[in-house]
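One structure is given here, and the rest of the page talks about it.
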Amino acid sequence: MTDQNPIVIDNHQLFFHPGETILDVALRNHIFIPTLCHLKGAIPTGTCRICVVEVKGENEPVPSCSTAAASNMVIYSESKKVIEERRSIIRTMLSSGNHNCAIRDFDPKEWTQFQLEVLEEDGTNELCPVWGECRLQDLAYRYQVKTRGLPLSRCKYPMEKANPFIIRDFSRCILCGRCVKACREVQVNNAIDFGYSGSDTKIVAGSDVTLKDSDCVFCGECVEACPVGALVPDNFLEKKRFEKTRKIRTTCSFCGVGCQLELNVQKNKIVKINSAGDVAPNHGSLCVKGRFGYDFVSSPERLTSPMIKKNGRLEGATWDEALDLIAEKLGQIKETSGSDSLGVLTSARTTNEDNYIAQKFTRAVLKTNNIDHCARL
Ligand code: SF4
Ligand code: SF4
Ligand code: SF4
């Protein structure tokens, strides 16, 4: 960055790197510009236009995500014109689908009445499953967009629940294209794309088949990218929306890559897993196991104590009993058959530290180099 690339945003004298967009410069300098279709690392398309800004000398606001910064540009990120355009975009999005979270129009005392009206209006008992966690809803609040009185357009595409991981609710889709970018440019899977045209436009999998009949590998990258309630994990319709979710950062236990996760926990139960953001080694991505494979955590079938086989039957035991038995048996085999008759299989699902201790134990205590791992353990 040099002072040869000056740009002014909201009266702040700033500088840009060649190749940066207006949005890049604003974000780097902590200036808020809202986005919906923009996905970090993907080619900007300017589809939703919520990131419009006013450029001095231009007649119309321009999308900041796809407009290159240029020398001596003077930008207004929240002028009256910009705010009006953003409000109009939000209003159009809210009125072109089933966006039944709009409690902002009501006094909290009318909440019950609101719920009744929602039930009446969309014919279901389901408020949006991402209520409170939706970028469009946040922006509607921020820009004070009301939806009361707006005509409600019906969606012709039914909700898809044909797989055990992802629900596709086309009625809440704002056609921002983030899911397509996430699938194509981040995961390089190319399972989904825009299909049809005009008011029939829809995100399709393959030749408009269900996700399970397409090339989808259920990595869930599209779910993480979706800014609204159009793509949600399968269990989300049961989620208790009004209970606070505790967020806990942890490491995925399925393999040795060590992807960083954020657990969403309600009443001591995991209700959703997100990636932990732009941190190594996964930088926001997860595979199907890391994102959806957490049922085992609260499974009633999970072992909670060691088991020892007695008279042909497995019986619960204490750790002291189990460890004493293992030490005794290993000692006997070592003495009678030699160290190299023993071997240790560890697991790619344990931590590096556990595997290190296992090899140390194998070599230093059992006195053999027979140590390996089995990915299926
Ligand atoms: S997707 Fe967002 S804006 Fe639409 S109903 Fe759900 S919470 Fe509201
Ligand atoms: S789950 Fe993964 S592969 Fe399937 S559509 Fe979403 S991003 Fe593409
Ligand atoms: S499914 Fe979500 S991410 Fe994909 S286009 Fe619709 S709103 Fe955007």
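Naming scheme: A, B, ... for chains in displayed order of the structure tokens; residues 1 onward per chain; ligands 1 onward as shown.
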Report as a PyMOL selection string which protein, DNA and RNA residues come within 7 Å of ligand 1, using only C-alpha atoms and all ligand atoms. chain A and resi 94+98-102+128-137+172+228-230
Would you save the residues from that selection as an mmCIF file, in the first residue's frame, using N, CA and C atoms?
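Printed below is selection_4.cif as written:
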```cif
data_model
loop_
_atom_site.group_PDB
_atom_site.id
_atom_site.type_symbol
_atom_site.label_atom_id
_atom_site.label_comp_id
_atom_site.auth_asym_id
_atom_site.auth_seq_id
_atom_site.Cartn_x
_atom_site.Cartn_y
_atom_site.Cartn_z
ATOM 1 N N LEU A 94 -37.862 -9.519 1.353
ATOM 2 C CA LEU A 94 -38.791 -9.997 2.380
ATOM 3 C C LEU A 94 -40.163 -10.321 1.795
ATOM 4 N N ASN A 98 -41.361 -16.611 1.920
ATOM 5 C CA ASN A 98 -42.035 -16.830 3.194
ATOM 6 C C ASN A 98 -41.134 -16.361 4.336
ATOM 7 N N HIS A 99 -41.143 -15.067 4.615
ATOM 8 C CA HIS A 99 -40.282 -14.524 5.682
ATOM 9 C C HIS A 99 -41.163 -14.146 6.866
ATOM 10 N N ASN A 100 -41.473 -15.151 7.659
ATOM 11 C CA ASN A 100 -42.482 -14.969 8.706
ATOM 12 C C ASN A 100 -41.880 -14.645 10.080
ATOM 13 N N CYS A 101 -40.715 -14.005 10.064
ATOM 14 C CA CYS A 101 -40.082 -13.693 11.349
ATOM 15 C C CYS A 101 -40.357 -12.255 11.765
ATOM 16 N N ALA A 102 -41.205 -11.555 11.006
ATOM 17 C CA ALA A 102 -41.240 -10.100 11.078
ATOM 18 C C ALA A 102 -41.884 -9.537 12.335
ATOM 19 N N CYS A 128 -39.749 -19.364 11.216
ATOM 20 C CA CYS A 128 -38.490 -19.657 10.526
ATOM 21 C C CYS A 128 -37.461 -20.256 11.494
ATOM 22 N N PRO A 129 -36.810 -21.351 11.090
ATOM 23 C CA PRO A 129 -35.867 -22.004 12.011
ATOM 24 C C PRO A 129 -34.605 -21.193 12.299
ATOM 25 N N VAL A 130 -34.309 -20.185 11.486
ATOM 26 C CA VAL A 130 -33.106 -19.394 11.803
ATOM 27 C C VAL A 130 -33.468 -18.045 12.422
ATOM 28 N N TRP A 131 -34.689 -17.936 12.889
ATOM 29 C CA TRP A 131 -35.118 -16.716 13.575
ATOM 30 C C TRP A 131 -34.048 -16.307 14.583
ATOM 31 N N GLY A 132 -33.571 -15.079 14.477
ATOM 32 C CA GLY A 132 -32.540 -14.602 15.417
ATOM 33 C C GLY A 132 -31.126 -14.851 14.941
ATOM 34 N N GLU A 133 -30.953 -15.619 13.861
ATOM 35 C CA GLU A 133 -29.605 -15.897 13.364
ATOM 36 C C GLU A 133 -29.543 -15.663 11.861
ATOM 37 N N CYS A 134 -30.299 -14.699 11.366
ATOM 38 C CA CYS A 134 -30.448 -14.514 9.925
ATOM 39 C C CYS A 134 -29.934 -13.132 9.529
ATOM 40 N N ARG A 135 -29.126 -13.112 8.477
ATOM 41 C CA ARG A 135 -28.533 -11.835 8.082
ATOM 42 C C ARG A 135 -29.585 -10.889 7.483
ATOM 43 N N LEU A 136 -30.551 -11.449 6.789
ATOM 44 C CA LEU A 136 -31.593 -10.603 6.204
ATOM 45 C C LEU A 136 -32.456 -9.988 7.306
ATOM 46 N N GLN A 137 -32.763 -10.804 8.305
ATOM 47 C CA GLN A 137 -33.559 -10.303 9.437
ATOM 48 C C GLN A 137 -32.789 -9.184 10.155
ATOM 49 N N ARG A 172 -37.754 -19.566 1.443
ATOM 50 C CA ARG A 172 -36.985 -18.537 2.157
ATOM 51 C C ARG A 172 -35.724 -18.128 1.393
ATOM 52 N N VAL A 228 -29.699 -16.915 5.122
ATOM 53 C CA VAL A 228 -31.079 -16.935 5.630
ATOM 54 C C VAL A 228 -31.473 -18.366 6.001
ATOM 55 N N GLY A 229 -32.766 -18.622 6.069
ATOM 56 C CA GLY A 229 -33.224 -19.948 6.513
ATOM 57 C C GLY A 229 -33.557 -20.892 5.369
ATOM 58 N N ALA A 230 -32.895 -20.712 4.219
ATOM 59 C CA ALA A 230 -33.231 -21.560 3.068
ATOM 60 C C ALA A 230 -32.510 -22.897 3.076
#
```
Can you list, as a PDB file with C-alpha atoms, in the first residue's frame, every residue of stretch 97-332 of chain A that DSSP puts in alpha helix (DSSP H)?
```pdb
ATOM      1  CA  TRP A 111     -46.322 -11.476  20.235  1.00  0.00           C
ATOM      2  CA  THR A 112     -49.056 -14.035  20.765  1.00  0.00           C
ATOM      3  CA  GLN A 113     -51.249 -12.247  18.295  1.00  0.00           C
ATOM      4  CA  PHE A 114     -48.354 -12.202  15.857  1.00  0.00           C
ATOM      5  CA  GLN A 115     -47.854 -15.922  16.224  1.00  0.00           C
ATOM      6  CA  LEU A 116     -51.512 -16.524  15.535  1.00  0.00           C
ATOM      7  CA  GLU A 117     -51.307 -14.389  12.424  1.00  0.00           C
ATOM      8  CA  VAL A 118     -48.263 -16.276  11.208  1.00  0.00           C
ATOM      9  CA  LEU A 119     -50.052 -19.569  11.680  1.00  0.00           C
ATOM     10  CA  GLU A 120     -53.001 -18.257   9.776  1.00  0.00           C
ATOM     11  CA  GLU A 121     -50.902 -16.787   7.002  1.00  0.00           C
ATOM     12  CA  ASP A 122     -48.532 -19.587   6.069  1.00  0.00           C
ATOM     13  CA  ARG A 135     -28.533 -11.835   8.082  1.00  0.00           C
ATOM     14  CA  LEU A 136     -31.593 -10.603   6.204  1.00  0.00           C
ATOM     15  CA  GLN A 137     -33.559 -10.303   9.437  1.00  0.00           C
ATOM     16  CA  ASP A 138     -30.654  -8.379  11.016  1.00  0.00           C
ATOM     17  CA  LEU A 139     -30.573  -5.982   8.071  1.00  0.00           C
ATOM     18  CA  ALA A 140     -34.345  -5.515   8.183  1.00  0.00           C
ATOM     19  CA  TYR A 141     -33.941  -4.419  11.804  1.00  0.00           C
ATOM     20  CA  ARG A 142     -30.941  -2.230  11.065  1.00  0.00           C
ATOM     21  CA  ARG A 178     -23.670 -17.843  -1.880  1.00  0.00           C
ATOM     22  CA  CYS A 179     -24.431 -21.576  -1.748  1.00  0.00           C
ATOM     23  CA  VAL A 180     -23.481 -21.971  -5.409  1.00  0.00           C
ATOM     24  CA  LYS A 181     -20.205 -20.122  -4.855  1.00  0.00           C
ATOM     25  CA  GLU A 221     -20.531 -25.712   3.024  1.00  0.00           C
ATOM     26  CA  CYS A 222     -23.676 -24.323   1.376  1.00  0.00           C
ATOM     27  CA  VAL A 223     -25.571 -24.474   4.685  1.00  0.00           C
ATOM     28  CA  GLU A 224     -22.850 -22.460   6.372  1.00  0.00           C
ATOM     29  CA  ALA A 225     -22.866 -19.960   3.498  1.00  0.00           C
ATOM     30  CA  VAL A 288     -19.835 -34.324   6.252  1.00  0.00           C
ATOM     31  CA  LYS A 289     -18.481 -36.113   9.344  1.00  0.00           C
ATOM     32  CA  GLY A 290     -17.293 -32.989  11.118  1.00  0.00           C
ATOM     33  CA  ARG A 291     -20.426 -31.007  10.360  1.00  0.00           C
ATOM     34  CA  PHE A 292     -23.185 -33.568  10.793  1.00  0.00           C
ATOM     35  CA  TRP A 319     -10.768 -48.005  35.154  1.00  0.00           C
ATOM     36  CA  ASP A 320      -8.514 -49.453  37.884  1.00  0.00           C
ATOM     37  CA  GLU A 321      -9.856 -52.956  37.249  1.00  0.00           C
ATOM     38  CA  ALA A 322      -9.469 -52.596  33.477  1.00  0.00           C
ATOM     39  CA  LEU A 323      -5.955 -51.150  33.608  1.00  0.00           C
ATOM     40  CA  ASP A 324      -4.780 -53.774  36.123  1.00  0.00           C
ATOM     41  CA  LEU A 325      -6.103 -56.537  33.873  1.00  0.00           C
ATOM     42  CA  ILE A 326      -4.456 -55.086  30.743  1.00  0.00           C
ATOM     43  CA  ALA A 327      -1.117 -54.657  32.554  1.00  0.00           C
ATOM     44  CA  GLU A 328      -1.268 -58.228  33.813  1.00  0.00           C
ATOM     45  CA  LYS A 329      -2.105 -59.731  30.397  1.00  0.00           C
ATOM     46  CA  LEU A 330       0.470 -57.675  28.482  1.00  0.00           C
ATOM     47  CA  GLY A 331       3.112 -58.548  31.071  1.00  0.00           C
ATOM     48  CA  GLN A 332       2.322 -62.268  30.749  1.00  0.00           C
TER      49      GLN A 332
END
```
Can you tell me which residues sit at most 6 Å away from ligand 2, counting only C-alpha atoms and all ligand atoms, written as an mmCIF file with N, CA and C atoms, in the first residue's frame?
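File written: out.cif
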```cif
data_model
loop_
_atom_site.group_PDB
_atom_site.id
_atom_site.type_symbol
_atom_site.label_atom_id
_atom_site.label_comp_id
_atom_site.auth_asym_id
_atom_site.auth_seq_id
_atom_site.Cartn_x
_atom_site.Cartn_y
_atom_site.Cartn_z
ATOM 1 N N ALA A 182 -20.120 -21.313 -2.736
ATOM 2 C CA ALA A 182 -19.475 -22.154 -1.719
ATOM 3 C C ALA A 182 -19.226 -23.547 -2.271
ATOM 4 N N CYS A 183 -20.220 -24.078 -2.989
ATOM 5 C CA CYS A 183 -20.094 -25.430 -3.531
ATOM 6 C C CYS A 183 -19.074 -25.457 -4.664
ATOM 7 N N ASN A 189 -17.147 -28.689 -5.761
ATOM 8 C CA ASN A 189 -18.000 -29.858 -5.976
ATOM 9 C C ASN A 189 -18.983 -29.672 -7.135
ATOM 10 N N ALA A 191 -22.102 -29.144 -7.312
ATOM 11 C CA ALA A 191 -23.332 -29.946 -7.219
ATOM 12 C C ALA A 191 -24.582 -29.110 -7.478
ATOM 13 N N ILE A 192 -24.500 -27.788 -7.261
ATOM 14 C CA ILE A 192 -25.707 -26.948 -7.386
ATOM 15 C C ILE A 192 -25.426 -25.738 -8.272
ATOM 16 N N CYS A 216 -23.864 -34.037 -4.782
ATOM 17 C CA CYS A 216 -23.634 -33.485 -3.442
ATOM 18 C C CYS A 216 -22.958 -34.509 -2.527
ATOM 19 N N VAL A 217 -21.953 -34.066 -1.794
ATOM 20 C CA VAL A 217 -21.277 -34.966 -0.837
ATOM 21 C C VAL A 217 -21.646 -34.594 0.609
ATOM 22 N N PHE A 218 -22.608 -33.691 0.764
ATOM 23 C CA PHE A 218 -23.122 -33.284 2.080
ATOM 24 C C PHE A 218 -22.042 -32.733 3.005
ATOM 25 N N CYS A 219 -21.176 -31.926 2.410
ATOM 26 C CA CYS A 219 -20.160 -31.266 3.241
ATOM 27 C C CYS A 219 -20.793 -30.141 4.061
ATOM 28 N N GLY A 220 -21.951 -29.633 3.616
ATOM 29 C CA GLY A 220 -22.636 -28.584 4.367
ATOM 30 C C GLY A 220 -22.042 -27.186 4.189
ATOM 31 N N GLU A 221 -21.115 -27.044 3.256
ATOM 32 C CA GLU A 221 -20.531 -25.712 3.024
ATOM 33 C C GLU A 221 -21.625 -24.718 2.609
ATOM 34 N N CYS A 222 -22.590 -25.200 1.839
ATOM 35 C CA CYS A 222 -23.676 -24.323 1.376
ATOM 36 C C CYS A 222 -24.563 -23.896 2.552
#
```
For ligand 3, which residue among A:Thr47, A:Thr318, A:Asn355, A:Thr251 is the nearest when counting only C-alpha atoms and all ligand atoms?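 Distance minimum relative to ligand 3 lands on A:Thr47.
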Can you pull out every residue within 9 Å of A:Asp24, counting only C-alpha atoms, but drop anything in the same chain fewer than 3 positions away, and send it as a ChimeraX atom specification? /A:16,20-21,27-29,64-65,69
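Residue nearest ligand 3, chosen from A:Met159, A:Val186, A:Ile174, A:Ala70 and counting only C-alpha atoms and all ligand atoms: A:Ile174.
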Using only C-alpha atoms and all ligand atoms: which of A:Lys310, A:Arg168, A:His30, A:Lys367 has the shortest distance to ligand 3: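 Checking each candidate against ligand 3, we get A:Arg168 as the closest.
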